[in-house]
file start-v9.cif (mmCIF, C-alpha atoms)
data_upload
loop_
_atom_site.label_atom_id
_atom_site.label_comp_id
_atom_site.auth_asym_id
_atom_site.auth_seq_id
_atom_site.Cartn_x
_atom_site.Cartn_y
_atom_site.Cartn_z
CA MET P 1 -129.22 -69.86 40.74
CA VAL P 2 -131.65 -72.76 41.14
CA GLU P 3 -130.40 -76.07 39.73
CA THR P 4 -133.07 -78.44 38.44
CA GLY P 5 -131.56 -81.46 40.16
CA ASN P 6 -131.64 -79.72 43.53
CA LEU P 7 -135.33 -78.94 43.47
CA LYS P 8 -137.29 -80.07 46.50
CA ASN P 9 -140.40 -82.19 46.08
CA GLU P 10 -142.62 -79.12 46.03
CA ALA P 11 -145.51 -78.02 43.86
CA LEU P 12 -146.59 -74.44 43.34
CA LEU P 13 -150.30 -73.66 43.23
CA LEU P 14 -150.73 -70.26 41.57
CA LEU P 15 -154.05 -68.66 42.44
CA GLY P 16 -155.39 -65.66 40.58
CA CYS P 17 -158.55 -63.66 41.16
CA PRO P 18 -160.92 -65.79 43.30
CA GLN P 19 -164.03 -64.56 41.49
CA VAL P 20 -165.11 -68.07 40.46
CA PRO P 21 -166.20 -70.17 43.46
CA VAL P 22 -164.57 -73.48 42.49
CA GLN P 23 -161.02 -72.10 42.72
CA THR P 24 -160.62 -72.38 46.50
CA SER P 25 -162.23 -75.81 46.64
CA LEU P 26 -160.02 -77.21 43.88
CA ALA P 27 -156.88 -75.64 45.30
CA LEU P 28 -157.53 -77.29 48.67
CA TYR P 29 -158.24 -80.58 46.91
CA ALA P 30 -155.03 -80.39 44.90
CA ALA P 31 -153.02 -79.46 48.02
CA HIS P 32 -154.52 -82.41 49.87
CA ASN P 33 -153.60 -84.87 47.11
CA LEU P 34 -150.12 -83.49 46.74
CA ARG P 35 -149.47 -83.83 50.47
CA ARG P 36 -150.76 -87.39 50.45
CA GLN P 37 -148.22 -88.17 47.75
CA GLY P 38 -145.37 -86.58 49.66
CA CYS P 39 -145.21 -83.43 47.57
CA ARG P 40 -145.30 -80.20 49.58
CA PRO P 41 -147.84 -77.69 48.21
CA VAL P 42 -146.76 -74.06 48.15
CA ILE P 43 -149.49 -71.54 47.42
CA ALA P 44 -149.00 -68.16 45.80
CA GLY P 45 -152.00 -65.95 45.23
CA THR P 46 -153.68 -62.61 45.45
CA PRO P 47 -154.53 -61.40 48.98
CA ALA P 48 -158.20 -62.35 48.55
CA ALA P 49 -157.36 -65.80 47.18
CA ARG P 50 -155.06 -66.45 50.15
CA LYS P 51 -157.65 -65.24 52.67
CA LEU P 52 -160.21 -67.64 51.23
CA MET P 53 -157.74 -70.48 51.64
CA GLU P 54 -156.84 -69.47 55.20
CA VAL P 55 -160.48 -69.26 56.29
CA ALA P 56 -161.38 -72.56 54.61
CA ASP P 57 -158.48 -74.40 56.28
CA PRO P 58 -157.94 -72.77 59.71
CA GLY P 59 -156.12 -75.81 61.08
CA ARG P 60 -153.76 -75.89 58.12
CA CYS P 61 -154.72 -79.48 57.41
CA TYR P 62 -154.21 -79.05 53.67
CA ILE P 63 -152.33 -75.85 53.04
CA ASP P 64 -148.77 -75.13 54.13
CA GLU P 65 -146.66 -72.22 52.93
CA MET P 66 -148.50 -69.28 51.35
CA ASN P 67 -146.97 -66.37 49.49
CA ASP P 68 -147.87 -63.22 47.64
CA LEU P 69 -148.33 -63.85 43.92
CA ASP P 70 -146.05 -61.05 42.71
CA ASN P 71 -143.33 -61.91 45.22
CA MET P 72 -143.34 -65.51 44.02
CA ILE P 73 -143.08 -64.46 40.37
CA ASP P 74 -140.19 -62.23 41.41
CA GLU P 75 -138.34 -65.10 43.14
CA ILE P 76 -138.80 -67.47 40.21
CA ALA P 77 -137.93 -64.88 37.55
CA GLU P 78 -134.79 -63.98 39.49
CA LYS P 79 -133.85 -67.70 39.70
CA GLN P 80 -133.94 -67.72 43.49
CA ARG P 81 -136.53 -70.47 43.68
CA ASP P 82 -138.27 -73.03 41.49
CA PHE P 83 -140.60 -76.02 41.68
CA LYS P 84 -141.06 -79.45 40.15
CA LEU P 85 -144.75 -78.89 39.44
CA CYS P 86 -146.83 -75.78 38.96
CA PHE P 87 -150.62 -75.66 38.85
CA VAL P 88 -151.95 -72.38 37.50
CA PHE P 89 -155.62 -71.74 38.25
CA ILE P 90 -157.17 -69.92 35.29
CA HIS P 91 -160.58 -68.42 34.65
CA ASN P 92 -159.68 -65.27 32.73
CA ASP P 93 -157.14 -63.82 30.32
CA SER P 94 -154.82 -62.80 33.14
CA GLY P 95 -154.63 -66.41 34.27
CA VAL P 96 -153.49 -67.45 30.80
CA ALA P 97 -150.86 -64.71 30.92
CA TYR P 98 -149.54 -65.96 34.28
CA ALA P 99 -149.44 -69.56 33.03
CA GLY P 100 -147.51 -68.46 29.94
CA THR P 101 -145.08 -66.62 32.15
CA MET P 102 -144.57 -69.67 34.35
CA ALA P 103 -144.00 -71.87 31.30
CA TYR P 104 -141.20 -69.50 30.32
CA ILE P 105 -139.51 -68.60 33.63
CA SER P 106 -139.87 -71.89 35.52
CA LYS P 107 -138.51 -75.36 34.91
CA ALA P 108 -141.62 -76.84 36.53
CA ARG P 109 -144.02 -79.07 34.67
CA VAL P 110 -146.90 -76.62 34.23
CA TYR P 111 -150.55 -77.64 34.54
CA ALA P 112 -153.16 -75.10 33.39
CA LEU P 113 -156.34 -75.69 35.40
CA ILE P 114 -159.01 -73.84 33.46
CA PHE P 115 -162.53 -73.34 34.78
CA GLY P 116 -165.40 -70.87 34.68
CA GLU P 117 -167.94 -69.98 31.99
CA HIS P 118 -165.31 -69.52 29.29
CA ALA P 119 -163.08 -72.50 30.03
CA GLU P 120 -163.12 -73.87 26.48
CA GLU P 121 -162.31 -70.54 24.84
CA LEU P 122 -159.49 -69.91 27.30
CA ALA P 123 -158.08 -73.38 26.69
CA GLY P 124 -158.01 -72.54 22.99
CA GLU P 125 -155.88 -69.49 23.72
CA ILE P 126 -153.04 -71.55 25.17
CA GLU P 127 -150.17 -71.90 22.73
CA PHE P 128 -147.29 -72.63 25.08
CA PRO P 129 -146.04 -75.92 26.55
CA CYS P 130 -148.23 -77.10 29.42
CA GLU P 131 -150.77 -79.73 30.36
CA ILE P 132 -154.30 -78.38 29.93
CA ILE P 133 -157.00 -79.46 32.37
CA ALA P 134 -160.23 -77.68 31.48
CA ALA P 135 -163.89 -77.95 32.41
CA LYS P 136 -166.81 -75.53 32.47
CA ALA P 137 -167.05 -75.44 36.25
CA VAL P 138 -168.31 -72.37 38.10
CA HIS P 139 -170.08 -73.44 41.30
CA ASN P 140 -169.76 -77.21 40.99
CA PRO P 141 -166.13 -78.35 41.20
CA MET P 142 -166.81 -81.96 40.20
CA PRO P 143 -166.27 -81.69 36.41
CA LEU P 144 -162.82 -80.21 36.94
CA LYS P 145 -162.03 -82.49 39.88
CA ARG P 146 -162.68 -85.50 37.63
CA ARG P 147 -160.48 -84.06 34.88
CA LEU P 148 -157.77 -83.30 37.42
CA ASP P 149 -157.87 -86.85 38.75
CA GLU P 150 -157.68 -88.30 35.23
CA VAL P 151 -154.73 -86.21 34.18
CA MET P 152 -152.76 -86.27 37.39
CA GLN P 153 -153.22 -89.91 38.41
CA TRP P 154 -151.97 -88.72 41.77
CA PRO P 155 -149.60 -91.58 42.68
CA VAL P 156 -147.45 -90.54 39.72
CA VAL P 157 -146.70 -87.23 41.41
CA SER P 158 -144.80 -88.97 44.18
CA LYS P 159 -142.48 -90.56 41.62
CA LEU P 160 -141.16 -87.28 40.32
CA MET I 161 -150.33 -52.10 41.41
CA ALA I 162 -146.85 -52.76 42.71
CA GLY I 163 -145.59 -50.13 45.15
CA CYS I 164 -142.75 -48.55 43.20
CA LEU I 165 -144.68 -48.45 39.94
CA GLU I 166 -147.76 -47.09 41.66
CA ALA I 167 -145.74 -44.30 43.26
CA MET I 168 -144.76 -43.13 39.78
CA LYS I 169 -148.44 -42.53 38.98
CA PRO I 170 -148.30 -44.16 35.55
CA GLU I 171 -150.40 -42.85 32.71
CA VAL I 172 -152.83 -45.58 31.67
CA LEU I 173 -153.07 -45.79 27.88
CA LEU I 174 -155.27 -48.89 27.73
CA SER I 175 -157.16 -50.62 30.52
CA GLY I 176 -158.88 -53.94 31.12
CA SER I 177 -157.61 -55.49 27.91
CA SER I 178 -156.25 -58.94 27.13
CA PHE I 179 -152.50 -59.44 26.96
CA LYS I 180 -152.83 -59.90 23.19
CA GLU I 181 -154.71 -56.60 22.84
CA ALA I 182 -152.02 -54.89 24.91
CA ARG I 183 -149.34 -56.39 22.64
CA GLU I 184 -151.12 -55.09 19.53
CA PHE I 185 -151.70 -51.67 21.08
CA ILE I 186 -147.98 -51.21 21.68
CA ARG I 187 -147.05 -52.60 18.28
CA LYS I 188 -149.44 -50.28 16.46
CA ASN I 189 -149.09 -47.13 18.53
CA VAL I 190 -145.46 -46.98 19.59
CA LYS I 191 -142.84 -46.49 16.88
CA GLU I 192 -139.87 -47.75 18.88
CA TYR I 193 -140.47 -51.00 20.72
CA TYR I 194 -138.46 -53.99 21.81
CA GLU I 195 -139.32 -57.60 22.46
CA VAL I 196 -138.74 -58.78 26.02
CA GLU I 197 -139.14 -62.17 27.62
CA PRO I 198 -141.88 -63.03 30.15
CA GLY I 199 -140.67 -62.03 33.59
CA TYR I 200 -138.62 -59.08 32.26
CA ARG I 201 -138.26 -56.69 35.16
CA ILE I 202 -139.21 -53.01 35.05
CA LEU I 203 -138.83 -51.27 38.41
CA ASP I 204 -140.53 -53.60 40.89
CA VAL I 205 -142.75 -55.45 38.44
CA HIS I 206 -142.19 -58.35 36.08
CA ILE I 207 -143.86 -58.35 32.69
CA ILE I 208 -146.53 -61.06 32.65
CA GLY I 209 -147.75 -62.65 29.43
CA VAL I 210 -147.13 -64.94 26.51
CA PRO I 211 -144.40 -64.09 23.98
CA PRO I 212 -143.99 -61.91 22.07
CA LEU I 213 -144.13 -59.16 24.69
CA TYR I 214 -143.21 -55.61 23.76
CA VAL I 215 -141.93 -52.62 25.72
CA GLY I 216 -141.95 -49.31 23.88
CA ILE I 217 -140.07 -46.06 24.15
CA GLU I 218 -141.77 -42.71 23.61
CA GLY I 219 -139.43 -39.80 24.18
CA GLU I 220 -138.25 -40.04 27.79
CA ASN I 221 -140.95 -42.56 28.69
CA ILE I 222 -141.42 -46.29 28.44
CA VAL I 223 -144.70 -48.00 27.55
CA PHE I 224 -145.36 -51.55 28.69
CA PRO I 225 -148.11 -54.07 29.55
CA TYR I 226 -149.01 -54.50 33.19
CA THR I 227 -151.21 -57.47 34.10
CA LYS I 228 -153.39 -57.63 37.20
CA PRO I 229 -155.00 -60.96 38.15
CA CYS I 230 -158.52 -59.56 38.54
CA HIS I 231 -158.56 -56.68 36.06
CA GLY I 232 -156.76 -57.84 32.96
CA THR I 233 -153.86 -56.14 31.26
CA PHE I 234 -153.18 -52.41 31.19
CA VAL I 235 -150.78 -50.53 28.96
CA VAL I 236 -149.00 -47.93 31.10
CA LYS I 237 -146.50 -45.17 30.47
CA ILE I 238 -143.90 -44.01 32.99
CA PRO I 239 -140.64 -42.03 32.87
CA GLY I 240 -138.02 -44.35 31.45
CA SER I 241 -134.84 -43.30 33.28
CA ASP I 242 -132.29 -46.16 33.12
CA GLU I 243 -134.76 -48.56 31.54
CA ILE I 244 -134.48 -46.87 28.14
CA ALA I 245 -130.77 -47.58 27.72
CA ARG I 246 -131.29 -51.16 28.88
CA LEU I 247 -133.99 -51.68 26.25
CA ARG I 248 -131.97 -50.12 23.45
CA GLU I 249 -129.22 -52.61 24.09
CA ARG I 250 -131.62 -55.20 22.73
CA LYS I 251 -132.08 -55.73 19.05
CA ARG I 252 -134.48 -53.13 17.73
CA LYS I 253 -137.68 -54.65 16.37
#
call {"tool": "encode", "arguments": {"input": "start-v9.cif", "output": "structure tokens"}}
result
Amino acid sequence: MVETGNLKNEALLLLGCPQVPVQTSLALYAAHNLRRQGCRPVIAGTPAARKLMEVADPGRCYIDEMNDLDNMIDEIAEKQRDFKLCFVFIHNDSGVAYAGTMAYISKARVYALIFGEHAEELAGEIEFPCEIIAAKAVHNPMPLKRRLDEVMQWPVVSKL
Amino acid sequence: MAGCLEAMKPEVLLSGSSFKEAREFIRKNVKEYYEVEPGYRILDVHIIGVPPLYVGIEGENIVFPYTKPCHGTFVVKIPGSDEIARLRERKRK
């Protein structure tokens, strides 16, 4: 059983289908900022999402541990592991479903990073406790990067 | 699809839906269903979604939502075996 007080300074980045280009870029950016603040990023994603990360960061400058998405859900649901922060990358209904699951099974502070053509509609679907960071970003990551910076105020992360 | 579930060759009752549509499909089409929490385990998969989530029983089978990151939520039916008794221990909806 994972005790909240014993959690390491780790953040989970949950990556779904990598169909929308900005996902990989923003995940690397978030991992970079987390590391700078002394918070270890742990990535869980689909095989394609993980491959995109591996190819984009061959020297592992930004990414660290990577896991299969379903295996990570299994570990958290079975109370074998948990995190202080969880960033769920969302561009479709499945992403909302995964974020809702994390809000229920994990003690982490959950951030829903919503992007893609339907970001606003998806944000409106969220009715569970989490911080919503949404922008209509498909190819250009800057609108969501700016929102992420505003909400996270990165130095705060290190004080968790 | 997860290995164990895939090996059972589930019957797909609804495909490519949202998790809300899957919830309504079970609620409207399965007489006996039970509410489970997100992460509820069936075989080697955990139910993904936002509460309320339902798992139904039809004869010797169970009916439940199965979410894939790229393809949305499916409603699948598989032989229930021990899962049926476990579900019936919960308060009937």
call {"tool": "resolve_selection", "arguments": {"input": "start-v9.cif", "expression": "the PyMOL selection byres ((chain P and resi 74-91) around 6)", "output": "mmCIF file with C-alpha atoms, in the coordinates of the input"}}
result
data_model
loop_
_atom_site.group_PDB
_atom_site.id
_atom_site.type_symbol
_atom_site.label_atom_id
_atom_site.label_comp_id
_atom_site.auth_asym_id
_atom_site.auth_seq_id
_atom_site.Cartn_x
_atom_site.Cartn_y
_atom_site.Cartn_z
ATOM 1 C CA MET P 1 -129.220 -69.860 40.740
ATOM 2 C CA VAL P 2 -131.650 -72.760 41.140
ATOM 3 C CA GLU P 10 -142.620 -79.120 46.030
ATOM 4 C CA ALA P 11 -145.510 -78.020 43.860
ATOM 5 C CA LEU P 12 -146.590 -74.440 43.340
ATOM 6 C CA LEU P 13 -150.300 -73.660 43.230
ATOM 7 C CA LEU P 14 -150.730 -70.260 41.570
ATOM 8 C CA LEU P 15 -154.050 -68.660 42.440
ATOM 9 C CA ASN P 71 -143.330 -61.910 45.220
ATOM 10 C CA MET P 72 -143.340 -65.510 44.020
ATOM 11 C CA ILE P 73 -143.080 -64.460 40.370
ATOM 12 C CA ASN P 92 -159.680 -65.270 32.730
ATOM 13 C CA GLY P 95 -154.630 -66.410 34.270
ATOM 14 C CA ALA P 99 -149.440 -69.560 33.030
ATOM 15 C CA ILE P 105 -139.510 -68.600 33.630
ATOM 16 C CA ALA P 108 -141.620 -76.840 36.530
ATOM 17 C CA ARG P 109 -144.020 -79.070 34.670
ATOM 18 C CA VAL P 110 -146.900 -76.620 34.230
ATOM 19 C CA TYR P 111 -150.550 -77.640 34.540
ATOM 20 C CA ALA P 112 -153.160 -75.100 33.390
ATOM 21 C CA LEU P 113 -156.340 -75.690 35.400
ATOM 22 C CA ILE P 114 -159.010 -73.840 33.460
ATOM 23 C CA PHE P 115 -162.530 -73.340 34.780
ATOM 24 C CA GLY P 116 -165.400 -70.870 34.680
ATOM 25 C CA GLY I 199 -140.670 -62.030 33.590
#
call {"tool": "interface_residues", "arguments": {"input": "start-v9.cif", "of": "chain I", "to": "chain P", "cutoff": "12 Å", "atoms": "only C-alpha atoms", "output": "ChimeraX atom specification"}}
result
/I:161-163,176-183,196-213,225-234
call {"tool": "resolve_selection", "arguments": {"input": "start-v9.cif", "expression": "the PyMOL selection byres ((chain P and resi 146) around 12)", "output": "PyMOL selection string"}}
result
chain P and resi 26+29-30+113+133-137+140-145+147-154
call {"tool": "atom_distance", "arguments": {"input": "start-v9.cif", "atom1": "atom CA of P:Ile43", "atom2": "atom CA of P:Asn67"}}
result
6.1 Å
call {"tool": "residues_near_point", "arguments": {"input": "start-v9.cif", "point": "(-138.0, -48.9, 33.2)", "cutoff": "12 Å", "atoms": "all atoms listed in the file", "output": "PyMOL selection string"}}
result
chain I and resi 164-165+168+170+200-207+215-217+220-225+236-248
call {"tool": "atom_distance", "arguments": {"input": "start-v9.cif", "atom1": "atom CA of P:Ala27", "atom2": "atom CA of P:Asp57"}}
result
11.2 Å
call {"tool": "resolve_selection", "arguments": {"input": "start-v9.cif", "expression": "the PyMOL selection byres ((chain I and resi 193) around 8)", "output": "ChimeraX atom specification"}}
result
/I:186-187,190-192,194-195,214-217,252-253
call {"tool": "atom_distance", "arguments": {"input": "start-v9.cif", "atom1": "atom CA of I:Ser175", "atom2": "atom CA of I:Asn189"}}
result
14.9 Å
